[in-house]
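What follows is a single structure, written as structure tokens, with notes after it.
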Amino acid sequence: MTSAPLASPPRVLDPLDPQVRPDPQGRFGPFGGRFVPETLMSALTELEEAFEQHWRDPGFRAEFHSLLRDFVGRPSPLYFAQRLTEHYGGPQIYLKREDLNHTGAHKINNALGQALLAVRMGKRRVIAETGAGQHGVATATVCARFGLECVIYMGALDMERQAPNVQRMRLLGAEVRGVEAGTCTLKDALSEAIRDWVTNVETTHYVIGTVAGPHPYPKLVRAFHDVIGQETRQQCQEQWGGLPDVLLACVGGGSNALGLFNEFVRDPGVRLIGIEAAGEGLHTPRHAATLNRGRIGVLHGAMSYLLQDEEGQVQEAHSISAGLDYPGVGPEHSYLKEIGRAEYYAATDDEAVEALLLLSRLEGIIPALETAHALAYLKTLAPQLDPQQRVVVNCSGRGDKDLNTVFKYLQQRGRSF
Amino acid sequence: MDPIPTRITACFQALRSRGEKALIPYLTAGDPNLETTFAALQVLDQSGADLIELGVPYSDPLADGPVIQAAATRALSRGVTLGAILQGLRRLSLQAPLILFTYYNPIHQLGIPNFLHQLRQAGCAGLVVPDLPLEEAGSLRQAAQAEGIDLILLVAPTSPPERMGRIAQQSSGFVYLVSTTGVTGERATLEKRIPALLQQLRQQTPLPIGVGFGISTPDQARQIALWGADAAIVGSAFVQRLAKASTPEEGLQQIAHFCRALKAALQEVTTPEC
């Protein structure tokens, strides 16, 4: 435009404008917000102000990025999965190798960012919830690095499923507190962490592990994972001089998916696909497919899709993957679904295990069971695409922690590795 | 200002004119069963309760400590529903205004107009929603006001003074001062900052102030009243007595006794200005 019109028409905000994702009240359209006890409100305001201030500070950014490089091992490679591509005979499949990060998953990006923030805010005690244990391990790791006191809440059932990660957290000096309430899984660990925060809010920073929870958490956690998408854009440019056609990621709370998607949300040619856990099947009650089968409600401080009964009681989720075993989902995913920008499908326990085995055998990469859900969708997606199209799958974590689960699962079906 | 005082406002006015402090017991609905809950409400009504808070069991009660969490879990496992609670309340007629305590999601599922309609039919006078802070409370507050139901907002020790004022201004019936940073449940001692919080809040609002979270003995209730609160809210200590009793009848006797002891302690404190 050469000159501004005299009377400009009312500005229609692009629903994908970063200014409305979220708006100043922490809303992504009707989703998000702050549904928490009053005791936490001033802490959330304090956190929001601290984040806005430090995130703009070049010194903070420099420290974050230097630790991402030297402590986490970034950038993570964008790897062309040649044999997997040949197997499906369709599009070219690339893996964003978040599994190669220190501690074995994308979770460390956010844990590191929040630990830096806690230090700047003068909070020396850190708490976190964990499901699969990956976020707990990442938090315990950065707390050790910065000399912070660390308490991790973990469902009693998950402690059993993910015993090696419990040991890792303890080795790193964290206290792991088992949660016996409710369903003894991630949802209850999150509730218990929030209760701890309500009690110790004046001295404690709560490192939430996904893009859920009350504002500003969904925005802040996304910001610390943005590096995934930013690197991907640059690597696509370097490798083929263009954009990817499809981004594919698993969605529990949704942090690895948003970390990959956010950079490309305003590139209309890039399809964004999130895969939830269908557990034993979407036709059964035993799944964790919140966006596919849930209804809108409030859980853990935010309005979002939610697995709940007719009375508004939160239902138990089920997935073979402890990291996806959550009845809620980050509010921005609800928003991206609602406005039609992202698509969400689901993969069953069976499909995830098959995908894990396939990637292990074809590429020599054992993915986490969470990640395997995204990989499982390739068999549906690949036939829809042309051979020249490119799919980037977020390989969000490594699968060493899941060997016991997978072994037992196969054994019950009379199979072995 | 509404020209006709709500039942809760009228209740506090009457207490104030008698120089009395209010006792507000809390129960979790459906523990050990709904029948006992309804009987317990009548017992409390006749044992010195001035207002009564009734908690709706919820799967993820973020503001509640272990006692009320466990009561809610037991109630839910027996299939207690909000609908059944409100239906049962219709049959009761209590002197004390009844305040429903519920997390927000069950309200959202019913829809605000439908929920408030049922609440009014059940004879409830007020509403406390512990996970609905000022910023999210707008539409429920307006709709409740139109139905003549008081939406009682909570103020916490961490609320800055200016925010306390804004919350108090939007609260109706009374202001609920959370006495401690933490969840509901019994504590050995009261926090030392309560008098200062009461004083700060008093400067911001003409509404009565009820103090809750962590008050579990007659001595603590008396202390809260001496510090200038208009009401003492006691929850987990009642819930625990019903839960630990070997029979519902024994539980009812215990809460009647406990309720009278709390009220007697409060009556030792008279307000000179009236």
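Residue numbering restarts at 1 for every chain of the structure tokens, chains are lettered A, B, ... in their displayed order, and ligands are numbered from 1 as they appear.
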
Checklist line | Distance filter 7 Å, only C-alpha atoms, chain A against chain B, as number ranges by chain | finding: A: 35-39, 42, 191, 194-195, 198-199, 297-298, 311-314

Item checked: Spatial neighbours of Leu336 in chain A, max dist 12 Å, only C-alpha atoms, sep filter under 5 positions, as JSON, numbers by chain -> {"A": [15, 16, 21, 22, 28, 29, 30, 31, 254, 257, 258, 261, 262, 265, 266, 271, 272, 273, 274, 291, 304, 305, 329, 330, 331, 341, 342, 343, 344]}

Give me a file of those residues, with N, CA and C atoms, as an mmCIF file, in the first residue's frame.
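part.cif written:
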```
data_model
loop_
_atom_site.group_PDB
_atom_site.id
_atom_site.type_symbol
_atom_site.label_atom_id
_atom_site.label_comp_id
_atom_site.auth_asym_id
_atom_site.auth_seq_id
_atom_site.Cartn_x
_atom_site.Cartn_y
_atom_site.Cartn_z
ATOM 1 N N PRO A 15 -7.638 -14.758 12.872
ATOM 2 C CA PRO A 15 -7.712 -15.652 14.041
ATOM 3 C C PRO A 15 -6.382 -16.326 14.357
ATOM 4 N N LEU A 16 -5.435 -16.243 13.423
ATOM 5 C CA LEU A 16 -4.128 -16.854 13.671
ATOM 6 C C LEU A 16 -3.085 -15.824 14.099
ATOM 7 N N ARG A 21 -3.560 -15.249 20.066
ATOM 8 C CA ARG A 21 -3.209 -16.622 20.480
ATOM 9 C C ARG A 21 -2.203 -16.580 21.610
ATOM 10 N N PRO A 22 -2.521 -16.286 22.825
ATOM 11 C CA PRO A 22 -3.865 -15.908 23.300
ATOM 12 C C PRO A 22 -4.037 -14.397 23.334
ATOM 13 N N PHE A 28 -7.818 -18.268 23.944
ATOM 14 C CA PHE A 28 -7.693 -18.638 22.537
ATOM 15 C C PHE A 28 -9.129 -18.809 22.062
ATOM 16 N N GLY A 29 -9.718 -17.730 21.526
ATOM 17 C CA GLY A 29 -11.160 -17.794 21.265
ATOM 18 C C GLY A 29 -11.863 -18.081 22.583
ATOM 19 N N PRO A 30 -12.757 -19.098 22.612
ATOM 20 C CA PRO A 30 -13.451 -19.386 23.876
ATOM 21 C C PRO A 30 -12.617 -20.224 24.855
ATOM 22 N N PHE A 31 -11.424 -20.645 24.446
ATOM 23 C CA PHE A 31 -10.646 -21.595 25.256
ATOM 24 C C PHE A 31 -9.573 -20.894 26.084
ATOM 25 N N GLY A 254 -0.136 -31.739 24.497
ATOM 26 C CA GLY A 254 0.081 -31.119 23.195
ATOM 27 C C GLY A 254 1.304 -30.237 23.057
ATOM 28 N N ALA A 257 3.593 -31.047 19.852
ATOM 29 C CA ALA A 257 2.861 -30.687 18.633
ATOM 30 C C ALA A 257 2.878 -29.169 18.431
ATOM 31 N N LEU A 258 2.571 -28.414 19.499
ATOM 32 C CA LEU A 258 2.563 -26.958 19.333
ATOM 33 C C LEU A 258 3.953 -26.412 19.082
ATOM 34 N N PHE A 261 4.180 -26.998 15.451
ATOM 35 C CA PHE A 261 3.155 -26.325 14.632
ATOM 36 C C PHE A 261 3.283 -24.804 14.637
ATOM 37 N N ASN A 262 3.572 -24.227 15.814
ATOM 38 C CA ASN A 262 3.370 -22.787 15.991
ATOM 39 C C ASN A 262 4.079 -21.962 14.924
ATOM 40 N N VAL A 265 1.909 -22.042 11.696
ATOM 41 C CA VAL A 265 0.459 -21.836 11.772
ATOM 42 C C VAL A 265 -0.032 -20.864 10.699
ATOM 43 N N ARG A 266 0.805 -19.886 10.370
ATOM 44 C CA ARG A 266 0.389 -18.902 9.368
ATOM 45 C C ARG A 266 0.940 -19.211 7.975
ATOM 46 N N ARG A 271 -0.106 -28.493 6.205
ATOM 47 C CA ARG A 271 -1.146 -29.189 6.986
ATOM 48 C C ARG A 271 -0.602 -29.533 8.368
ATOM 49 N N LEU A 272 -1.394 -29.287 9.386
ATOM 50 C CA LEU A 272 -0.995 -29.608 10.757
ATOM 51 C C LEU A 272 -1.872 -30.755 11.243
ATOM 52 N N ILE A 273 -1.243 -31.852 11.628
ATOM 53 C CA ILE A 273 -2.019 -33.024 12.064
ATOM 54 C C ILE A 273 -1.534 -33.501 13.431
ATOM 55 N N GLY A 274 -2.464 -33.558 14.377
ATOM 56 C CA GLY A 274 -2.166 -34.067 15.716
ATOM 57 C C GLY A 274 -2.824 -35.422 15.914
ATOM 58 N N LEU A 291 -9.719 -34.484 22.001
ATOM 59 C CA LEU A 291 -10.227 -33.615 20.934
ATOM 60 C C LEU A 291 -11.193 -34.362 20.019
ATOM 61 N N SER A 304 -11.205 -26.044 27.829
ATOM 62 C CA SER A 304 -10.684 -26.777 26.683
ATOM 63 C C SER A 304 -11.567 -27.996 26.450
ATOM 64 N N TYR A 305 -11.213 -28.807 25.458
ATOM 65 C CA TYR A 305 -11.913 -30.086 25.336
ATOM 66 C C TYR A 305 -11.500 -30.972 26.505
ATOM 67 N N VAL A 329 -6.572 -31.422 27.320
ATOM 68 C CA VAL A 329 -5.664 -31.067 26.233
ATOM 69 C C VAL A 329 -5.443 -29.559 26.286
ATOM 70 N N GLY A 330 -4.287 -29.113 25.822
ATOM 71 C CA GLY A 330 -3.989 -27.684 25.835
ATOM 72 C C GLY A 330 -5.053 -26.883 25.095
ATOM 73 N N PRO A 331 -5.431 -25.703 25.629
ATOM 74 C CA PRO A 331 -6.531 -24.936 25.028
ATOM 75 C C PRO A 331 -6.259 -24.476 23.600
ATOM 76 N N ARG A 341 -7.865 -25.013 11.650
ATOM 77 C CA ARG A 341 -6.488 -24.887 11.186
ATOM 78 C C ARG A 341 -5.710 -26.193 11.326
ATOM 79 N N ALA A 342 -6.002 -26.947 12.361
ATOM 80 C CA ALA A 342 -5.298 -28.217 12.551
ATOM 81 C C ALA A 342 -6.308 -29.363 12.558
ATOM 82 N N GLU A 343 -5.821 -30.545 12.184
ATOM 83 C CA GLU A 343 -6.678 -31.743 12.159
ATOM 84 C C GLU A 343 -6.211 -32.683 13.268
ATOM 85 N N TYR A 344 -7.148 -33.370 13.874
ATOM 86 C CA TYR A 344 -6.778 -34.279 14.958
ATOM 87 C C TYR A 344 -7.420 -35.646 14.739
#
```

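Taking CA of Ala128 in chain A and CA of Thr141 in chain A as endpoints, the distance between them is 12.1 Å.
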
Checklist line | Non-local contacts of Gly26 in chain A (10 Å; only C-alpha atoms; under 5 positions in same chain excluded) as a PyMOL selection string | finding: chain A and resi 20-21+31-34+214-219+302+331

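Rounded to one decimal, CA of Ala156 in chain A and CA of Thr185 in chain A lie 6.8 Å from each other.
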
Next item on the list: Write down as a PyMOL selection string the residues belonging to range 33-161 of chain B that are assigned alpha helix (DSSP H) by DSSP computed on the backbone.
Entry: chain B and resi 34-45+66-77+82-89+104-110+112-121+138-146+161

Note to self: I'd like to know which of A:Leu248, A:Cys236, A:Ala322, A:Ile339 is closest to Val392 in chain A, using only C-alpha atoms.
What the structure shows: A:Leu248
